[in-house]
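For reference, work.cif (mmCIF, C-alpha atoms):
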data_my_file
#
loop_
_atom_site.label_atom_id
_atom_site.label_comp_id
_atom_site.auth_asym_id
_atom_site.auth_seq_id
_atom_site.Cartn_x
_atom_site.Cartn_y
_atom_site.Cartn_z
CA MET A 21 7.10 20.10 35.70
CA ARG A 22 3.88 18.16 35.51
CA ARG A 23 4.74 17.10 31.98
CA LEU A 24 7.81 15.33 33.35
CA LEU A 25 5.73 13.30 35.79
CA PHE A 26 5.53 10.44 33.30
CA LEU A 27 9.24 9.86 34.00
CA LEU A 28 8.51 9.00 37.62
CA PRO A 29 8.15 5.23 37.13
CA LEU A 30 11.43 5.20 35.19
CA VAL A 31 13.19 7.04 38.01
CA GLY A 32 11.69 4.60 40.49
CA PHE A 33 12.86 1.66 38.42
CA LEU A 34 16.39 3.03 38.14
CA ALA A 35 16.56 3.59 41.90
CA LEU A 36 15.42 0.02 42.51
CA ALA A 37 17.87 -1.35 39.93
CA ALA A 38 20.72 0.55 41.57
CA MET A 39 19.75 -0.91 44.93
CA PHE A 40 19.68 -4.45 43.56
CA LYS A 41 23.01 -3.91 41.83
CA TRP A 42 24.50 -2.85 45.15
CA GLY A 43 22.91 -5.84 46.83
CA LEU A 44 24.38 -8.24 44.29
CA GLY A 45 27.92 -7.05 44.81
CA HIS A 46 27.52 -6.91 48.57
CA ASP A 47 28.35 -10.14 50.34
CA PRO A 48 26.63 -10.19 53.73
CA ARG A 49 29.30 -12.57 54.99
CA THR A 50 31.87 -9.82 54.80
CA LEU A 51 29.98 -7.66 57.26
CA PRO A 52 32.48 -5.97 59.52
CA SER A 53 33.21 -7.95 62.63
CA MET A 54 31.56 -6.79 65.81
CA LEU A 55 34.87 -7.43 67.51
CA ILE A 56 36.86 -4.74 65.69
CA ASP A 57 38.43 -2.36 68.20
CA ARG A 58 37.39 -4.53 71.09
CA PRO A 59 39.79 -6.42 73.35
CA VAL A 60 40.31 -10.08 72.48
CA PRO A 61 37.84 -12.28 74.33
CA GLU A 62 38.90 -13.83 77.60
CA MET A 63 40.22 -17.29 76.92
CA ALA A 64 42.41 -19.99 78.37
CA LEU A 65 42.82 -22.66 75.75
CA ALA A 66 44.55 -25.94 76.49
CA ALA A 67 47.58 -27.12 74.56
CA LEU A 68 47.49 -29.79 71.87
CA PRO A 69 48.01 -33.32 73.16
CA GLY A 70 51.66 -34.35 73.32
CA ARG A 71 52.84 -30.79 73.76
CA PRO A 72 53.93 -28.97 76.93
CA ALA A 73 50.91 -27.96 78.99
CA ASP A 74 51.98 -24.30 78.91
CA SER A 75 52.00 -24.15 75.11
CA GLY A 76 48.27 -23.39 75.03
CA LEU A 77 46.85 -19.95 74.34
CA ASN A 78 45.38 -17.43 76.71
CA THR A 79 44.43 -13.77 76.60
CA ALA A 80 47.67 -12.57 78.20
CA HIS A 81 49.70 -14.05 75.34
CA LEU A 82 48.07 -11.62 72.92
CA LYS A 83 49.40 -8.53 74.65
CA GLY A 84 52.80 -6.91 74.26
CA ARG A 85 53.21 -7.13 70.50
CA VAL A 86 51.15 -7.21 67.34
CA SER A 87 50.01 -10.74 66.57
CA LEU A 88 47.96 -12.73 64.15
CA VAL A 89 45.33 -15.10 65.50
CA ASN A 90 44.39 -17.81 63.05
CA ILE A 91 41.36 -20.08 63.36
CA PHE A 92 42.01 -23.46 61.75
CA GLY A 93 41.13 -27.12 61.97
CA SER A 94 42.40 -30.37 60.52
CA TRP A 95 38.93 -30.78 58.93
CA CYS A 96 39.16 -27.45 57.14
CA ILE A 97 39.91 -27.68 53.44
CA ALA A 98 40.71 -24.04 52.80
CA CYS A 99 43.21 -24.19 55.68
CA VAL A 100 45.33 -26.59 53.64
CA GLN A 101 45.45 -24.00 50.90
CA GLU A 102 46.45 -21.27 53.33
CA HIS A 103 48.97 -23.31 55.27
CA PRO A 104 52.12 -23.03 53.11
CA TYR A 105 51.79 -19.28 53.16
CA LEU A 106 51.46 -19.21 56.94
CA MET A 107 54.70 -21.20 57.02
CA GLN A 108 56.34 -18.47 54.94
CA ILE A 109 55.04 -15.75 57.25
CA LYS A 110 56.39 -17.68 60.20
CA LYS A 111 59.79 -17.87 58.49
CA SER A 112 59.78 -14.14 57.82
CA GLY A 113 59.36 -13.50 61.56
CA ILE A 114 57.22 -10.43 60.88
CA VAL A 115 54.50 -11.36 63.29
CA PRO A 116 53.86 -14.20 65.74
CA ILE A 117 50.94 -16.40 64.67
CA TYR A 118 48.71 -17.94 67.27
CA GLY A 119 46.52 -20.81 66.23
CA ILE A 120 43.13 -21.82 67.53
CA ASP A 121 42.36 -25.42 66.61
CA TRP A 122 38.61 -25.03 66.25
CA ARG A 123 36.01 -27.78 66.59
CA ASP A 124 38.63 -30.40 66.01
CA ASP A 125 39.71 -33.67 67.47
CA PRO A 126 42.90 -32.36 69.17
CA VAL A 127 44.77 -35.53 68.23
CA GLU A 128 43.89 -34.94 64.59
CA GLY A 129 44.90 -31.28 64.94
CA ALA A 130 48.32 -32.24 66.30
CA ARG A 131 48.77 -34.82 63.58
CA TRP A 132 47.80 -32.31 60.89
CA LEU A 133 50.45 -29.85 62.13
CA ALA A 134 53.06 -32.58 62.37
CA LYS A 135 52.37 -33.49 58.76
CA ASN A 136 52.06 -30.01 57.22
CA GLY A 137 54.42 -28.05 59.46
CA ASP A 138 53.60 -25.82 62.41
CA PRO A 139 53.55 -22.09 61.67
CA TYR A 140 52.18 -21.22 65.10
CA ASP A 141 53.99 -19.76 68.09
CA ARG A 142 51.23 -21.18 70.24
CA VAL A 143 48.20 -23.35 69.59
CA GLY A 144 45.15 -23.55 71.81
CA ILE A 145 42.36 -26.04 71.29
CA ASP A 146 38.72 -24.96 71.15
CA PRO A 147 36.65 -28.13 70.85
CA ALA A 148 32.88 -28.07 70.18
CA PRO A 149 30.87 -26.04 70.98
CA GLY A 150 33.78 -23.72 70.19
CA ARG A 151 33.14 -21.10 72.83
CA THR A 152 36.22 -19.03 72.08
CA ALA A 153 35.55 -19.06 68.34
CA ILE A 154 32.01 -17.85 69.02
CA ASP A 155 33.42 -15.15 71.32
CA PHE A 156 35.50 -14.09 68.30
CA GLY A 157 32.37 -14.05 66.14
CA VAL A 158 33.84 -16.73 63.91
CA THR A 159 31.60 -18.09 61.14
CA GLY A 160 34.04 -20.46 59.46
CA ALA A 161 37.64 -21.47 59.06
CA PRO A 162 40.09 -20.15 58.22
CA GLU A 163 39.62 -16.76 59.77
CA SER A 164 42.39 -14.50 60.99
CA PHE A 165 42.47 -11.57 63.37
CA ILE A 166 45.13 -8.90 63.69
CA VAL A 167 45.57 -8.05 67.36
CA ASP A 168 47.51 -4.94 68.40
CA LYS A 169 50.02 -4.55 71.25
CA ASP A 170 47.28 -3.82 73.75
CA GLY A 171 45.42 -7.01 72.89
CA VAL A 172 42.74 -5.17 70.90
CA ILE A 173 41.38 -6.76 67.71
CA ARG A 174 42.02 -4.42 64.81
CA TYR A 175 41.20 -6.43 61.71
CA LYS A 176 39.34 -9.55 60.73
CA HIS A 177 40.14 -11.53 57.63
CA ILE A 178 37.69 -14.16 56.41
CA GLY A 179 39.01 -17.00 54.29
CA PRO A 180 42.54 -18.09 53.47
CA ILE A 181 45.47 -15.69 53.65
CA THR A 182 47.08 -15.52 50.22
CA PRO A 183 50.21 -13.70 49.03
CA ASP A 184 47.80 -11.26 47.39
CA ASN A 185 45.68 -10.24 50.35
CA TRP A 186 48.67 -10.48 52.67
CA GLN A 187 50.65 -7.94 50.65
CA SER A 188 47.74 -5.65 49.86
CA THR A 189 45.84 -5.65 53.15
CA LEU A 190 47.13 -7.59 56.11
CA LEU A 191 50.83 -6.72 56.01
CA PRO A 192 50.27 -2.94 55.74
CA ILE A 193 47.95 -3.06 58.77
CA ILE A 194 50.48 -5.09 60.76
CA ARG A 195 53.28 -2.68 59.78
CA GLU A 196 51.16 0.32 60.75
CA LEU A 197 50.26 -1.19 64.13
CA SER A 198 53.87 -2.25 64.81
CA LYS A 199 55.14 1.32 64.62
CA MET B 6 -9.99 -40.45 49.35
CA ARG B 7 -11.17 -39.55 52.80
CA ARG B 8 -7.99 -41.00 54.25
CA PHE B 9 -5.94 -38.93 51.86
CA VAL B 10 -7.73 -35.74 52.87
CA LEU B 11 -7.20 -36.58 56.52
CA ALA B 12 -3.51 -37.19 55.94
CA ALA B 13 -3.21 -33.91 54.07
CA MET B 14 -4.96 -32.07 56.88
CA LEU B 15 -2.68 -33.62 59.46
CA MET B 16 0.33 -32.60 57.42
CA VAL B 17 -0.82 -29.00 57.49
CA LEU B 18 -1.28 -29.19 61.24
CA SER B 19 2.08 -30.76 62.03
CA ALA B 20 4.79 -28.40 63.20
CA PRO B 21 7.75 -27.86 60.87
CA ALA B 22 10.71 -30.03 61.75
CA ILE B 23 13.53 -28.46 63.70
CA ALA B 24 17.14 -29.52 63.83
CA VAL B 25 17.40 -29.73 67.60
CA ASP B 26 18.78 -33.04 68.74
CA PRO B 27 16.81 -34.47 71.68
CA SER B 28 20.09 -34.72 73.60
CA GLU B 29 20.52 -30.95 73.32
CA MET B 30 17.12 -30.20 74.79
CA LEU B 31 16.75 -28.67 78.21
CA PRO B 32 15.05 -30.86 80.82
CA ASP B 33 12.65 -28.04 81.70
CA PRO B 34 10.07 -27.89 78.86
CA LYS B 35 9.33 -24.22 79.60
CA GLN B 36 12.99 -23.31 79.18
CA GLU B 37 13.30 -25.51 76.09
CA GLU B 38 10.34 -23.68 74.55
CA ARG B 39 11.98 -20.34 75.28
CA ALA B 40 15.24 -21.58 73.76
CA GLN B 41 13.42 -22.68 70.60
CA ASP B 42 11.53 -19.40 70.27
CA LEU B 43 14.77 -17.50 70.74
CA GLY B 44 16.72 -19.73 68.37
CA LYS B 45 14.10 -19.32 65.63
CA GLY B 46 14.93 -15.62 65.61
CA LEU B 47 18.70 -16.16 65.32
CA ARG B 48 20.26 -16.52 61.93
CA CYS B 49 22.54 -19.44 61.20
CA MET B 50 25.55 -17.44 60.05
CA VAL B 51 26.78 -20.08 57.63
CA CYS B 52 23.43 -20.76 55.98
CA GLN B 53 22.13 -17.19 55.95
CA SER B 54 18.44 -17.84 55.45
CA GLU B 55 17.85 -20.44 58.11
CA SER B 56 17.53 -20.03 61.83
CA ILE B 57 19.85 -21.88 64.18
CA GLU B 58 16.89 -24.05 65.18
CA ASP B 59 16.35 -25.13 61.57
CA SER B 60 19.93 -25.71 60.59
CA ASN B 61 22.14 -28.76 60.86
CA ALA B 62 25.32 -26.72 60.49
CA ASP B 63 27.91 -27.20 63.22
CA LEU B 64 28.00 -23.54 64.09
CA ALA B 65 24.20 -23.50 64.48
CA LYS B 66 24.42 -26.50 66.76
CA ASP B 67 27.09 -24.77 68.86
CA LEU B 68 24.93 -21.69 69.18
CA ARG B 69 21.89 -23.77 70.14
CA ILE B 70 23.92 -25.33 72.92
CA ILE B 71 25.18 -21.97 74.14
CA VAL B 72 21.70 -20.39 74.00
CA ARG B 73 20.40 -23.27 76.13
CA GLU B 74 23.26 -23.02 78.60
CA ARG B 75 22.55 -19.36 79.12
CA ILE B 76 18.84 -19.91 79.56
CA ALA B 77 19.49 -22.70 82.05
CA LYS B 78 21.76 -20.30 83.92
CA GLY B 79 18.75 -18.01 84.34
CA GLU B 80 19.47 -15.33 81.74
CA THR B 81 16.56 -13.43 80.21
CA ASP B 82 15.81 -13.65 76.48
CA ASP B 83 17.24 -10.17 76.00
CA GLN B 84 20.47 -11.10 77.74
CA VAL B 85 20.92 -14.17 75.57
CA ARG B 86 20.11 -12.22 72.43
CA LYS B 87 22.58 -9.51 73.43
CA PHE B 88 25.28 -12.15 73.92
CA VAL B 89 24.84 -13.33 70.35
CA VAL B 90 24.45 -9.85 68.82
CA ASP B 91 27.63 -8.68 70.61
CA ARG B 92 29.51 -11.32 68.68
CA TYR B 93 27.73 -11.48 65.34
CA GLY B 94 26.01 -8.11 65.01
CA ASP B 95 22.39 -7.23 64.26
CA TYR B 96 22.66 -9.36 61.13
CA VAL B 97 22.26 -12.45 63.28
CA LEU B 98 18.72 -11.38 64.17
CA LEU B 99 16.27 -12.65 61.56
CA LYS B 100 13.90 -9.87 62.58
CA PRO B 101 15.88 -6.65 62.44
CA PRO B 102 15.66 -4.42 65.52
CA PHE B 103 13.77 -1.14 65.37
CA LYS B 104 16.34 1.64 65.54
CA ALA B 105 17.59 4.66 63.63
CA SER B 106 19.62 2.71 61.06
CA THR B 107 16.76 0.31 60.32
CA LEU B 108 13.99 2.93 60.36
CA ILE B 109 13.57 2.94 56.57
CA LEU B 110 13.16 -0.84 56.66
CA TRP B 111 10.30 -0.71 59.10
CA VAL B 112 8.58 2.53 58.12
CA GLY B 113 9.39 2.56 54.39
CA PRO B 114 6.57 0.29 53.19
CA PHE B 115 3.96 2.22 55.17
CA VAL B 116 5.26 5.53 53.86
CA LEU B 117 5.02 4.18 50.30
CA LEU B 118 1.52 2.87 50.93
CA LEU B 119 0.45 6.25 52.28
CA ALA B 120 2.03 8.02 49.31
CA GLY B 121 0.11 5.67 47.01
CA ILE B 122 -3.19 6.38 48.75
CA VAL B 123 -2.57 10.11 48.58
CA ALA B 124 -1.69 9.84 44.87
CA VAL B 125 -4.82 7.83 44.03
CA PHE B 126 -7.00 10.14 46.08
CA GLY B 127 -5.48 13.19 44.41
CA PHE B 128 -5.95 11.66 40.96
CA TYR B 129 -9.65 10.97 41.44
CA ARG B 130 -10.35 14.31 43.08
CA ARG B 131 -8.69 16.17 40.24
CA ARG B 132 -10.61 14.17 37.68
CA GLY B 133 -13.85 14.88 39.54
CA THR B 134 -13.43 18.66 39.49
CA ALA B 135 -11.99 18.74 36.01
CA ALA B 136 -14.98 16.92 34.53
CA PRO B 137 -16.20 18.97 31.58
CA ALA B 138 -19.23 21.19 32.23
CA GLN B 139 -22.52 20.46 30.43
CA PRO B 140 -21.99 21.03 26.71
CA ALA B 141 -23.59 24.11 25.28
CA PRO B 142 -27.11 23.47 23.89
CA LEU B 143 -27.34 23.01 20.16
CA THR B 144 -27.98 26.01 18.03
CA PRO B 145 -31.11 25.86 15.79
CA GLU B 146 -28.83 25.34 12.80
CA GLU B 147 -27.10 22.33 14.43
CA LYS B 148 -30.42 20.90 15.44
CA ARG B 149 -31.74 21.02 11.92
CA ARG B 150 -28.63 19.24 10.60
CA LEU B 151 -28.87 16.57 13.25
CA ASP B 152 -32.52 15.92 12.44
CA ALA B 153 -31.63 15.65 8.78
CA LEU B 154 -28.86 13.15 9.47
CA LEU B 155 -31.09 11.04 11.67
CA LYS B 156 -33.79 10.97 9.04
CA ASP B 157 -31.18 9.96 6.48
CA GLY B 158 -30.21 6.96 8.47
CA GLN B 159 -33.74 5.54 8.61
#
Rewritten as structure tokens:
Amino acid sequence: MRRLLFLLPLVGFLALAAMFKWGLGHDPRTLPSMLIDRPVPEMALAALPGRPADSGLNTAHLKGRVSLVNIFGSWCIACVQEHPYLMQIKKSGIVPIYGIDWRDDPVEGARWLAKNGDPYDRVGIDPAPGRTAIDFGVTGAPESFIVDKDGVIRYKHIGPITPDNWQSTLLPIIRELSK
Amino acid sequence: MRRFVLAAMLMVLSAPAIAVDPSEMLPDPKQEERAQDLGKGLRCMVCQSESIEDSNADLAKDLRIIVRERIAKGETDDQVRKFVVDRYGDYVLLKPPFKASTLILWVGPFVLLLAGIVAVFGFYRRRGTAAPAQPAPLTPEEKRRLDALLKDGQ
């Protein structure tokens, strides 16, 4: 036993190396959202300018059926990448998408949707300091939340929705929750 | 030269710059100080290694404003911190809280230090007791050889 003691530093090194390896592959930004399995935050977001006043977004709208809440902004570059796919999801009619125009000039937000198409069933504006986005624990755009029929957040997706992650992750969760 | 030294000394004394815009500051300097102390312990979630007080990121600015609003409303530091942690998790605290899941983080280094002290202590004690006893005295035969060798060398 004692003769094997000389291996101790090697064992220690390997343990440390394993820890660092784990740390390298572990992106702290993908920490699970605090909001998972909690009701959507209370909100009453105004409509975009030029739209009917009742086309904004509030908490009650997120109850009754599974929905997708999408944080976006006309300033957000990755949102442009995600947008065509949101349009496709909208066309498929699988799930209503609710948009939160975050930290944006609402006029710019409305213009952006007019130009690129509007995949949202409702859009609420959340100008700086983005209280609702902070209530959602948002760290950047785009971010999407799957909300179940009872208005409880069940999944958080950071970054653009792509055909890949939609098929492999988001759609199965939505299907499961829609049962 | 003397001026240079003075400037260098003043630089050491000056407080590190913070990102707070004067327009964000609370009118009550006591409350503003509390907000800054609190904000220095809150991670800017988009910069990761900066506090919200140090960062120019939009999200950090938003959180600074919200922290100040809550302090102005009369909330305690713990209440404000809880508000942020409820939304962003313990990760938002630059100084991790002391609880079961972070125990190894806080206690680990001291445990290792103690283990090291015990190991060093054990090593020296063992060496002390294991020191070889006085060698046996030379036999007359050995003594004669030694004398001969010594004489040889001269």
Quiz item: For the file shown, what are the residues hit by the PyMOL selection byres ((chain A and resi 99-104) around 12), laid out as a PyMOL selection string?
Solution: chain A and resi 90-98+105-111+117+119+121-122+129+132-133+135-140+160-164+178-186
Produce a table with one row for each residue of chain A that has an atom at most 8 Å from any atom of chain B, each row naming the nearest atom pair and its distance in Å at one decimal; use all atoms listed in the file; arrange rows by chain and rising residue number; format as CSV.
residue,atom,partner,partner_atom,distance
A:Arg49,CA,B:Met50,CA,8.0
A:Ser53,CA,B:Tyr93,CA,7.1
A:Met54,CA,B:Arg92,CA,5.7
A:Leu55,CA,B:Arg92,CA,6.7
A:Ala148,CA,B:Asp67,CA,6.8
A:Pro149,CA,B:Asp67,CA,4.5
A:Gly150,CA,B:Asp67,CA,6.9
A:Ile154,CA,B:Arg92,CA,7.0
A:Asp155,CA,B:Arg92,CA,6.1
A:Phe156,CA,B:Arg92,CA,6.6
A:Gly157,CA,B:Arg92,CA,4.7
A:Thr159,CA,B:Met50,CA,6.2
A:Gly160,CA,B:Val51,CA,7.5
Output for the residues just chosen: C-alpha atoms as an mmCIF file, in the coordinates of the input:
data_model
loop_
_atom_site.group_PDB
_atom_site.id
_atom_site.type_symbol
_atom_site.label_atom_id
_atom_site.label_comp_id
_atom_site.auth_asym_id
_atom_site.auth_seq_id
_atom_site.Cartn_x
_atom_site.Cartn_y
_atom_site.Cartn_z
ATOM 1 C CA ARG A 49 29.300 -12.570 54.990
ATOM 2 C CA SER A 53 33.210 -7.950 62.630
ATOM 3 C CA MET A 54 31.560 -6.790 65.810
ATOM 4 C CA LEU A 55 34.870 -7.430 67.510
ATOM 5 C CA ALA A 148 32.880 -28.070 70.180
ATOM 6 C CA PRO A 149 30.870 -26.040 70.980
ATOM 7 C CA GLY A 150 33.780 -23.720 70.190
ATOM 8 C CA ILE A 154 32.010 -17.850 69.020
ATOM 9 C CA ASP A 155 33.420 -15.150 71.320
ATOM 10 C CA PHE A 156 35.500 -14.090 68.300
ATOM 11 C CA GLY A 157 32.370 -14.050 66.140
ATOM 12 C CA THR A 159 31.600 -18.090 61.140
ATOM 13 C CA GLY A 160 34.040 -20.460 59.460
#
Quiz item: What does the distance from CA of Arg174 (chain A) to CA of Ser198 (chain A) come to in Å, to one decimal?
Solution: 12.0 Å
Exercise. Return as JSON, numbers by chain the set of residues that the PyMOL selection byres ((chain A and resi 165-167) around 10) yields on the displayed structure.
Key: {"A": [53, 55, 56, 57, 58, 59, 60, 82, 83, 85, 86, 87, 88, 89, 90, 91, 115, 117, 118, 156, 163, 164, 168, 169, 170, 171, 172, 173, 174, 175, 176, 177, 178, 190, 191, 193, 194, 197]}
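Taking CA of Gly44 (chain B) and CA of Arg151 (chain A) as the two end points, the separation is 17.1 Å.
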Quiz item: Could you work out how far CA of Lys199 (chain A) lies from CA of Gly84 (chain A), giving the answer in Å with one decimal?
Solution: 12.9 Å
If the box runs along x, y and z of the file and leaves 6 Å on each side of region 106-118 of chain B, what are its centre and edge lengths in Å, one decimal, as AutoDock Vina command-line options?
--center_x 10.6 --center_y 2.3 --center_z 55.7 --size_x 30.1 --size_y 18.4 --size_z 22.8
Practice problem: Within 12 Å of Pro34 (chain B), counting only C-alpha atoms, which residues show up once you throw out same-chain ones fewer than 6 positions away? Write them as JSON, numbers by chain, please. | Solution: {"B": [27, 40, 41, 73, 76, 77]}
Exercise. Step by step, work through what the PyMOL selection byres ((chain B and resi 55) around 12) selects in the shown file, and finish by giving those residues as number ranges by chain.
Key: B: 23-24, 44-54, 56-62, 65, 97-99
For the residues in that selection, give me C-alpha atoms as a CSV table (one decimal), in the coordinates of the input.
chain,number,residue,atom,x,y,z
B,23,ILE,CA,13.5,-28.5,63.7
B,24,ALA,CA,17.1,-29.5,63.8
B,44,GLY,CA,16.7,-19.7,68.4
B,45,LYS,CA,14.1,-19.3,65.6
B,46,GLY,CA,14.9,-15.6,65.6
B,47,LEU,CA,18.7,-16.2,65.3
B,48,ARG,CA,20.3,-16.5,61.9
B,49,CYS,CA,22.5,-19.4,61.2
B,50,MET,CA,25.6,-17.4,60.0
B,51,VAL,CA,26.8,-20.1,57.6
B,52,CYS,CA,23.4,-20.8,56.0
B,53,GLN,CA,22.1,-17.2,56.0
B,54,SER,CA,18.4,-17.8,55.4
B,56,SER,CA,17.5,-20.0,61.8
B,57,ILE,CA,19.8,-21.9,64.2
B,58,GLU,CA,16.9,-24.0,65.2
B,59,ASP,CA,16.4,-25.1,61.6
B,60,SER,CA,19.9,-25.7,60.6
B,61,ASN,CA,22.1,-28.8,60.9
B,62,ALA,CA,25.3,-26.7,60.5
B,65,ALA,CA,24.2,-23.5,64.5
B,97,VAL,CA,22.3,-12.4,63.3
B,98,LEU,CA,18.7,-11.4,64.2
B,99,LEU,CA,16.3,-12.6,61.6
Any chance you could turn region 189-197 of chain A into a file with all heavy atoms, as a short mmCIF file (atom, residue, chain, number, x, y, z; two decimals), in the first residue's frame?
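This is the output file part27.cif:
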data_model
loop_
_atom_site.label_atom_id
_atom_site.label_comp_id
_atom_site.auth_asym_id
_atom_site.auth_seq_id
_atom_site.Cartn_x
_atom_site.Cartn_y
_atom_site.Cartn_z
N THR A 189 -35.26 19.37 -29.96
CA THR A 189 -35.54 19.71 -28.57
C THR A 189 -36.89 20.39 -28.35
O THR A 189 -37.73 19.91 -27.59
CB THR A 189 -34.42 20.65 -28.03
OG1 THR A 189 -33.16 20.13 -28.43
CG2 THR A 189 -34.47 20.74 -26.52
N LEU A 190 -37.08 21.51 -29.04
CA LEU A 190 -38.25 22.33 -28.70
C LEU A 190 -39.57 21.67 -29.10
O LEU A 190 -40.49 21.59 -28.29
CB LEU A 190 -38.11 23.71 -29.38
CG LEU A 190 -36.94 24.54 -28.84
CD1 LEU A 190 -36.52 25.61 -29.82
CD2 LEU A 190 -37.33 25.19 -27.52
N LEU A 191 -39.62 21.17 -30.34
CA LEU A 191 -40.87 20.58 -30.82
C LEU A 191 -41.32 19.39 -29.96
O LEU A 191 -42.50 19.32 -29.57
CB LEU A 191 -40.75 20.20 -32.29
CG LEU A 191 -42.03 19.70 -32.96
CD1 LEU A 191 -43.13 20.75 -32.87
CD2 LEU A 191 -41.78 19.34 -34.43
N PRO A 192 -40.41 18.45 -29.62
CA PRO A 192 -40.84 17.34 -28.76
C PRO A 192 -41.42 17.82 -27.42
O PRO A 192 -42.40 17.24 -26.94
CB PRO A 192 -39.56 16.52 -28.55
CG PRO A 192 -38.70 16.84 -29.72
CD PRO A 192 -39.03 18.25 -30.11
N ILE A 193 -40.82 18.86 -26.84
CA ILE A 193 -41.34 19.36 -25.56
C ILE A 193 -42.74 19.95 -25.76
O ILE A 193 -43.67 19.69 -24.99
CB ILE A 193 -40.38 20.42 -24.97
CG1 ILE A 193 -39.05 19.77 -24.59
CG2 ILE A 193 -41.01 21.09 -23.74
CD1 ILE A 193 -37.96 20.77 -24.23
N ILE A 194 -42.90 20.71 -26.84
CA ILE A 194 -44.21 21.31 -27.12
C ILE A 194 -45.26 20.23 -27.35
O ILE A 194 -46.37 20.28 -26.82
CB ILE A 194 -44.11 22.26 -28.34
CG1 ILE A 194 -43.28 23.49 -27.95
CG2 ILE A 194 -45.49 22.67 -28.83
CD1 ILE A 194 -42.85 24.35 -29.11
N ARG A 195 -44.88 19.19 -28.11
CA ARG A 195 -45.81 18.08 -28.37
C ARG A 195 -46.21 17.41 -27.07
O ARG A 195 -47.39 17.12 -26.84
CB ARG A 195 -45.13 17.05 -29.29
CG ARG A 195 -44.96 17.52 -30.71
CD ARG A 195 -45.70 16.59 -31.70
NE ARG A 195 -45.84 17.22 -33.01
CZ ARG A 195 -44.94 17.09 -34.00
NH1 ARG A 195 -43.86 16.36 -33.82
NH2 ARG A 195 -45.17 17.68 -35.15
N GLU A 196 -45.20 17.16 -26.23
CA GLU A 196 -45.46 16.47 -24.96
C GLU A 196 -46.42 17.30 -24.10
O GLU A 196 -47.37 16.77 -23.52
CB GLU A 196 -44.10 16.27 -24.24
CG GLU A 196 -44.16 15.52 -22.93
CD GLU A 196 -44.69 14.10 -23.09
OE1 GLU A 196 -44.39 13.48 -24.13
OE2 GLU A 196 -45.40 13.62 -22.18
N LEU A 197 -46.17 18.62 -24.03
CA LEU A 197 -46.99 19.47 -23.18
C LEU A 197 -48.38 19.68 -23.75
O LEU A 197 -49.32 19.98 -23.03
CB LEU A 197 -46.31 20.83 -22.99
CG LEU A 197 -45.02 20.84 -22.18
CD1 LEU A 197 -44.36 22.20 -22.26
CD2 LEU A 197 -45.29 20.45 -20.74
#
